[in-house]
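Down below is the structure, laid out as structure tokens.
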Amino acid sequence: MAALALRHNRYWAKIRIPRELHADYDGKQFLYHNTRTGDKRLAKVEADAWESMLRLEWAQKVDGPEPEKASLRAAYQRTRELAETGEYQVEMKGEPDSTALGIELELERFADKREAGRITELDEYKLAGLQDALRGRRGQKLPKRLELEPD
């Protein structure tokens with residue numbers, strides 16, 4: 001259960017990282033997430049969604065089982081929604097679209113992860129969500145993803 005704290009009229013969510021995964025997060029014990037809202041109910045919903053994504057990712061790292069297709073579809077949808085609403089914004093002088101720049105930066109992070117051979121099936125779905133969000137921002141046609149169709 002993510003803990004919520006109000007800071008500067010915005011809620012922040014805090015979650016404890018499992019002990020066996022501390023090394024993956026540079027020895028950190030907690031992760032924080034800015035919910036971008038001052039409404040506690042909305043912050044709670046967003047924090048719960050963030051926590052469920054993390055728990056799914058951690059379960060895959062620790063246990064290694066195949067996540068259900070519905071969970072993977074939800075991860076794709078959540079990542080795409082976050083990207084489209086500006087979660088990955090990066091401000092750069094002379095760059096008109098800070099959201100697209102942030103998505104590109106996140107895509108580069110996934111490329112580095114892929115080169116290191118540490119990409120999971122969950123990461124592949126998140127990557128697809130980021131790519132589709134970027135294509136949508138650029139006005140390009142989105143590819144039909146058969147793996148995202150309901151069973």
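Please note that chains go A, B, ... in the order of the structure tokens, that every chain numbers its residues from 1, and that ligands are numbered from 1 in the order shown.
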### Task
Considering only C-alpha atoms, return as an MDAnalysis selection string whatever protein or nucleic-acid residues lie within 8 Å of stretch 73-89 of chain A, sequence-local ones (same chain, fewer than 3 positions apart) excluded.
chainID A and resid 53 69:70 98:103 106 122 125:130 132:134 137 148
### Message
Which residues are near A:Glu51? Cut-off 10 Å, only C-alpha atoms, ignore same chain within fewer than 6 positions. Put them as a PyMOL selection string.
### Response
chain A and resi 1-2+13-15+31+33+45+57
Selection above as a file: C-alpha atoms, as a compact mmCIF listing (two decimals), in the first residue's frame:
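Everything below was put into again-v9.txt:
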# COMPACT_ATOMS: atom_id res chain seq x y z
CA MET A 1 0.00 0.00 0.00
CA ALA A 2 1.52 3.29 -1.12
CA ALA A 13 3.24 8.44 -3.11
CA LYS A 14 5.93 6.40 -1.34
CA ILE A 15 6.43 2.65 -1.56
CA LEU A 31 10.47 4.88 -4.43
CA HIS A 33 5.97 9.25 -7.31
CA VAL A 45 -6.25 6.12 -7.39
CA GLU A 57 7.27 -5.66 -12.51
### Task
Would you list, as a list in words, the residues of chain A that end up in strand (DSSP E or B) under DSSP run on this structure's backbone?
Ala3, Leu4, Ala5, Leu6, Arg7, Arg10, Tyr11, Trp12, Ala13, Lys14, Ile15, Arg16, Phe30, Leu31, Tyr32, His33 and Asn34 of chain A
### Task
Considering only C-alpha atoms, state which residue in the set A:Arg36, A:Lys44, A:Asp26, A:Arg16 is at the smallest distance from A:Trp58.
A:Arg16
### Message
So, with only C-alpha atoms as the atoms that count, which of A:Glu147, A:Glu108, A:Asp39, A:Glu20 lies closest to A:Glu121?
### Response
A:Glu147
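Candidate residues A:Lys113, A:Arg135, A:Lys144, A:Arg118 were compared for distance to A:Gln60, and the nearest is A:Arg118, using only C-alpha atoms.
Atom CA of A:Glu149 to atom CA of A:Ser52 spans 21.3 Å [interatomic distance, one decimal].
Interatomic distance, atom CA of A:Lys28 to atom CA of A:Ala5: 18.7 Å.
Proximity ranking of A:Leu105, A:Leu72, A:His22, A:Tyr11 relative to A:Arg41 places A:Tyr11 first, based on only C-alpha atoms.
Taking only C-alpha atoms into account, A:Thr37 lies nearest to A:Arg7 out of the set A:Glu104, A:Gly117, A:Leu146, A:Arg7.
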